[in-house]
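Asks: This structure is in structure tokens; I'll ask about it shortly.
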Amino acid sequence: MLAIEKVAEDYERTLVPLTDDLALFDSGLDSLCLAALVARLEDELMVDPFTTSEVVDFPVTVGDLLALYEHAVKYPAADLRDETTLAHVNG
Amino acid sequence: MRPPSHTSTDEAREVLWTGILGAAKHLGKREWQPTRRQSAVVQLRKGAGETPVYFIGMGVVELRLAQLILSERSIFGIEIPWPSAWRNAAARNDVEALPTMDQLVAPYVAALRVHAGSSPCLLVGHSFNGLMAFHAAHQLNEQGGKVEMVVLLDTETEDLAPHQVAWQLLQKVWARAPDLRLTDRTLRSIASRLRSSWSITRRMLIKEMRGLGRRIVPDRGVLTMKLDDLGIPWHWGLMKRVYSNVLRSYRPRCLDCRGVLFRSESGDESFARTLDDTLGWSNLFKRGLEIVQVTGNHDTITRPPHDRTLARAMSKILDRRADAITPELERSGHLTANPGREC
């Protein structure tokens, strides 16, 4: 959430109160801000969940985006397409 | 991940995220691997079988508007990546290699022809995209299509240079010859005109100096979500060069359909807008032009909170019969019926 707030501050955008269910495009961030957020998260977390797998469900809500990055940080090398691998990693 | 929203499609989200990720890689100075080619026409809102609406250009703005519009019509967005050769030409300021309006619009029309065929449709565009929608309507109609209405979101027909606007304004101010008898009234009139002239000249000089500064110190401007065919996002400064070059040679001509202009409140642009309330569209629609005043300036009419006002006004227009400019609409505050002139 902090990264989102920082990007909003950098680009002088006003955020609405963030909740998991809030649609990203309704958050007050435009597409350029979302690009800056993705670039920033890649710098900070050293992961890019969008290229980890060829098949990505693009996030709709703030909660979706958080879940995507949480998963990418937790399983950086896991192939998201392979449910067997994921089940194994999850124990 | 949640199931897709009922108002937007996976395809629309994919197009938007492709732009976002391309820009993210550019911002992070990392290599970008373009994704597979996406379809040019994506559905932004599912609707009934009524005449569909097509946005020329598709981004978050168009997606949000489509979600906010309360209309039964299906709404689509058309997004075409521009050739990287155009970007290189814009960077070199090589005007010969930049596209004309015909070249710019042709791929949108090709996509429309495949999608809409000869069925009736409505075209919408914000800012320069409105001008593209207008020209696309010409081309589509000439190729057997049927554009019933073009909706212009704060689109001007031409981009006058500050000195051109200033000259026209000064002509207006001094159009009436002052009474040569030196009465108090005459002196007040001359003083008032001199004040106006000074104000116009000062504003023109400031704008010209800014423009000159941009020419001397090349500025690519902010990054946009407009992608080229390699998946690399365009900078606004380069897009503006493409637009300016198109406007140098493009002269809009009368179109056989209805037009609706949603006009923003006067902001910084009021300098040019004082010349013409119709933003140049007064005699370009054979079936009439309607002007709808909405809140926000040129940039903010499509952003919260003004986007809701715009979407409400658009909903009324989209769901109204062609011949039904009702008294309620005229009384509703921000709607003004203006039948325009035959052309």
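Identifiers for the structure tokens are assigned positionally: chains receive A, B, ... in sequence, residues are indexed from 1 per chain, and ligands are indexed from 1 in the order shown.
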Among region 244-308 of chain B, which residues carry a DSSP assignment of alpha helix (DSSP H), reported as a PyMOL selection string?

Replies: chain B and resi 244-249+270-273+306-308

Asks: Would you write out those residues with all heavy atoms, as a CSV table (one decimal), in the first residue's frame?

Replies:
```csv
chain,number,residue,atom,x,y,z
B,244,SER,N,0.4,17.8,-34.7
B,244,SER,CA,0.6,19.1,-35.3
B,244,SER,C,0.8,19.0,-36.8
B,244,SER,O,0.3,19.8,-37.6
B,244,SER,CB,1.8,19.8,-34.7
B,244,SER,OG,1.6,20.0,-33.3
B,245,ASN,N,1.6,18.0,-37.2
B,245,ASN,CA,1.9,17.8,-38.6
B,245,ASN,C,0.6,17.5,-39.4
B,245,ASN,O,0.4,18.0,-40.5
B,245,ASN,CB,2.9,16.7,-38.8
B,245,ASN,CG,3.4,16.7,-40.2
B,245,ASN,OD1,4.0,17.7,-40.6
B,245,ASN,ND2,3.2,15.6,-40.9
B,246,VAL,N,-0.3,16.6,-38.8
B,246,VAL,CA,-1.5,16.3,-39.4
B,246,VAL,C,-2.4,17.5,-39.6
B,246,VAL,O,-3.0,17.8,-40.6
B,246,VAL,CB,-2.3,15.2,-38.6
B,246,VAL,CG1,-3.8,15.1,-39.0
B,246,VAL,CG2,-1.6,13.9,-38.7
B,247,LEU,N,-2.4,18.3,-38.5
B,247,LEU,CA,-3.3,19.5,-38.5
B,247,LEU,C,-2.9,20.6,-39.5
B,247,LEU,O,-3.7,21.4,-40.0
B,247,LEU,CB,-3.4,20.1,-37.1
B,247,LEU,CG,-4.2,19.4,-36.1
B,247,LEU,CD1,-4.0,19.9,-34.7
B,247,LEU,CD2,-5.7,19.4,-36.4
B,248,ARG,N,-1.6,20.5,-39.9
B,248,ARG,CA,-1.1,21.5,-40.8
B,248,ARG,C,-1.8,21.3,-42.2
B,248,ARG,O,-2.0,22.3,-42.9
B,248,ARG,CB,0.4,21.4,-41.0
B,248,ARG,CG,1.2,22.4,-40.1
B,248,ARG,CD,2.6,22.5,-40.6
B,248,ARG,NE,3.4,21.4,-40.1
B,248,ARG,CZ,4.0,21.3,-38.9
B,248,ARG,NH1,3.9,22.3,-38.1
B,248,ARG,NH2,4.7,20.3,-38.6
B,249,SER,N,-2.1,20.1,-42.5
B,249,SER,CA,-2.6,19.9,-43.9
B,249,SER,C,-4.1,19.5,-43.9
B,249,SER,O,-4.8,19.5,-44.9
B,249,SER,CB,-1.8,18.8,-44.6
B,249,SER,OG,-1.8,17.6,-43.9
B,270,SER,N,-9.3,28.9,-22.9
B,270,SER,CA,-10.3,29.9,-23.2
B,270,SER,C,-9.8,31.0,-24.1
B,270,SER,O,-10.5,31.6,-24.8
B,270,SER,CB,-10.8,30.6,-21.9
B,270,SER,OG,-9.7,31.2,-21.3
B,271,PHE,N,-8.5,31.2,-24.1
B,271,PHE,CA,-7.8,32.1,-25.0
B,271,PHE,C,-8.3,31.9,-26.5
B,271,PHE,O,-8.7,32.8,-27.2
B,271,PHE,CB,-6.3,32.0,-24.9
B,271,PHE,CG,-5.5,33.0,-25.5
B,271,PHE,CD1,-5.8,34.4,-25.3
B,271,PHE,CD2,-4.4,32.7,-26.3
B,271,PHE,CE1,-5.1,35.4,-25.9
B,271,PHE,CE2,-3.7,33.7,-26.9
B,271,PHE,CZ,-4.0,35.1,-26.7
B,272,ALA,N,-8.2,30.6,-26.9
B,272,ALA,CA,-8.6,30.3,-28.3
B,272,ALA,C,-10.1,30.2,-28.4
B,272,ALA,O,-10.7,30.5,-29.4
B,272,ALA,CB,-7.9,29.0,-28.7
B,273,ARG,N,-10.7,29.7,-27.3
B,273,ARG,CA,-12.2,29.4,-27.4
B,273,ARG,C,-13.1,30.6,-27.4
B,273,ARG,O,-14.2,30.5,-27.8
B,273,ARG,CB,-12.5,28.5,-26.2
B,273,ARG,CG,-12.0,27.1,-26.5
B,273,ARG,CD,-12.0,26.3,-25.2
B,273,ARG,NE,-11.3,25.1,-25.5
B,273,ARG,CZ,-11.9,23.9,-25.3
B,273,ARG,NH1,-13.1,23.7,-24.8
B,273,ARG,NH2,-11.2,22.8,-25.7
B,306,HIS,N,-15.4,14.6,-12.7
B,306,HIS,CA,-16.1,15.1,-13.9
B,306,HIS,C,-16.5,14.0,-14.9
B,306,HIS,O,-17.4,14.2,-15.7
B,306,HIS,CB,-15.2,16.2,-14.6
B,306,HIS,CG,-14.8,17.3,-13.8
B,306,HIS,ND1,-15.7,18.2,-13.2
B,306,HIS,CD2,-13.6,17.7,-13.3
B,306,HIS,CE1,-15.1,19.1,-12.5
B,306,HIS,NE2,-13.8,18.8,-12.5
B,307,ASP,N,-15.8,12.9,-14.8
B,307,ASP,CA,-16.2,11.8,-15.8
B,307,ASP,C,-17.6,11.3,-15.6
B,307,ASP,O,-18.3,10.9,-16.5
B,307,ASP,CB,-15.2,10.7,-15.7
B,307,ASP,CG,-15.0,10.1,-14.3
B,307,ASP,OD1,-15.5,10.7,-13.3
B,307,ASP,OD2,-14.3,9.1,-14.1
B,308,ARG,N,-18.1,11.4,-14.3
B,308,ARG,CA,-19.5,11.0,-14.1
B,308,ARG,C,-20.5,11.9,-14.7
B,308,ARG,O,-21.5,11.5,-15.3
B,308,ARG,CB,-19.7,10.9,-12.5
B,308,ARG,CG,-19.0,9.8,-11.9
B,308,ARG,CD,-19.3,9.6,-10.4
B,308,ARG,NE,-18.4,8.6,-9.9
B,308,ARG,CZ,-18.7,7.3,-10.0
B,308,ARG,NH1,-19.8,6.9,-10.5
B,308,ARG,NH2,-17.9,6.4,-9.5
```

Asks: For a quick test of understanding: name the residues of chain A lying within 10 Å of chain B when counting only C-alpha atoms, and present them as JSON, numbers by chain.

Replies: {"A": [14, 21, 23, 25, 26, 28, 29, 30, 31, 32, 33, 34, 35, 36, 37, 38, 39, 40, 41, 42, 43, 48, 50, 51, 54, 56, 57, 58, 59, 60, 61, 63, 64, 65, 67, 68]}

Asks: Can you list, as an NGL selection string, every protein, DNA or RNA residue that comes within 7 Å of region 145-150 of chain B when you count only C-alpha atoms, leaving out same-chain residues fewer than 2 positions away?

Replies: :B and (117-124 or 133-134 or 137 or 140-141 or 143 or 152 or 257-260)

Asks: Store the residues picked out above in a file with C-alpha atoms, as a CSV table (one decimal), in the first residue's frame.

Replies:
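Dumped to result-v1.csv:
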```
chain,number,residue,atom,x,y,z
B,117,GLY,CA,-19.4,-3.9,-41.7
B,118,SER,CA,-22.2,-1.8,-43.2
B,119,SER,CA,-24.3,-1.7,-40.1
B,120,PRO,CA,-25.0,1.6,-38.4
B,121,CYS,CA,-22.6,2.7,-35.7
B,122,LEU,CA,-21.6,5.7,-33.6
B,123,LEU,CA,-18.0,7.0,-33.2
B,124,VAL,CA,-16.6,8.8,-30.2
B,133,ALA,CA,-13.3,9.8,-35.4
B,134,PHE,CA,-14.7,12.6,-37.6
B,137,ALA,CA,-16.6,8.5,-40.3
B,140,LEU,CA,-16.2,4.6,-43.4
B,141,ASN,CA,-19.2,6.1,-45.1
B,143,GLN,CA,-16.6,2.6,-48.1
B,152,LEU,CA,-16.6,14.8,-30.0
B,257,CYS,CA,-24.5,12.6,-40.0
B,258,ARG,CA,-25.2,14.2,-36.6
B,259,GLY,CA,-22.6,15.6,-34.4
B,260,VAL,CA,-22.5,16.1,-30.7
```

Asks: Would you mind telling me which residue in A:Met46, A:Val7, A:Val62, A:Leu2 lies nearest to Asp20 (chain A) when using only C-alpha atoms?

Replies: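 Under the stated criterion, the closest residue is A:Val62.
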
Asks: Would you pick out the contacts of Val42 (chain B) at 6 Å or less, using only C-alpha atoms, so that residues sharing its chain but fewer than 5 positions from it are not included, and give the list as a VMD selection string?

Replies: chain B and resid 12 76 to 77

Asks: May I have the residues from that selection written out with N, CA, C and O atoms, as a PDB file, in the first residue's frame?

Replies:
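And here's again.pdb as it stands now:
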```pdb
ATOM      1  N   ALA B  12     -10.142  -6.139 -23.029  1.00  0.00           N
ATOM      2  CA  ALA B  12      -9.903  -4.709 -22.784  1.00  0.00           C
ATOM      3  C   ALA B  12      -8.838  -4.546 -21.702  1.00  0.00           C
ATOM      4  O   ALA B  12      -7.942  -3.705 -21.826  1.00  0.00           O
ATOM      5  N   PHE B  76     -17.436  -0.353 -27.696  1.00  0.00           N
ATOM      6  CA  PHE B  76     -16.135  -0.944 -28.054  1.00  0.00           C
ATOM      7  C   PHE B  76     -15.062   0.144 -28.082  1.00  0.00           C
ATOM      8  O   PHE B  76     -15.373   1.323 -28.240  1.00  0.00           O
ATOM      9  N   GLY B  77     -13.835  -0.304 -27.944  1.00  0.00           N
ATOM     10  CA  GLY B  77     -12.699   0.608 -28.108  1.00  0.00           C
ATOM     11  C   GLY B  77     -11.810   0.083 -29.228  1.00  0.00           C
ATOM     12  O   GLY B  77     -11.659  -1.124 -29.387  1.00  0.00           O
TER      13      GLY B  77
END
```

Asks: Which polymer residues have any atom within 12 Å of an atom of Thr100 (chain B), counting only C-alpha atoms, with same-chain residues fewer than 2 positions away left out, as a ChimeraX atom specification?

Replies: /B:86,95-98,102-106,132,135,241-251

Asks: So how far away is CA of Leu289 (chain B) from CA of Leu261 (chain B), in Å?

Replies: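 Calculated distance between CA of Leu261 (chain B) and CA of Leu289 (chain B) is 7.2 Å.
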
Asks: Find the spatial neighbours of Thr300 (chain B), counting only C-alpha atoms, within a cut-off of 12 Å - ignore same-chain residues fewer than 2 positions away - and output them as a ChimeraX atom specification.

Replies: /B:61,126-127,153-154,263-267,294-298,302-310
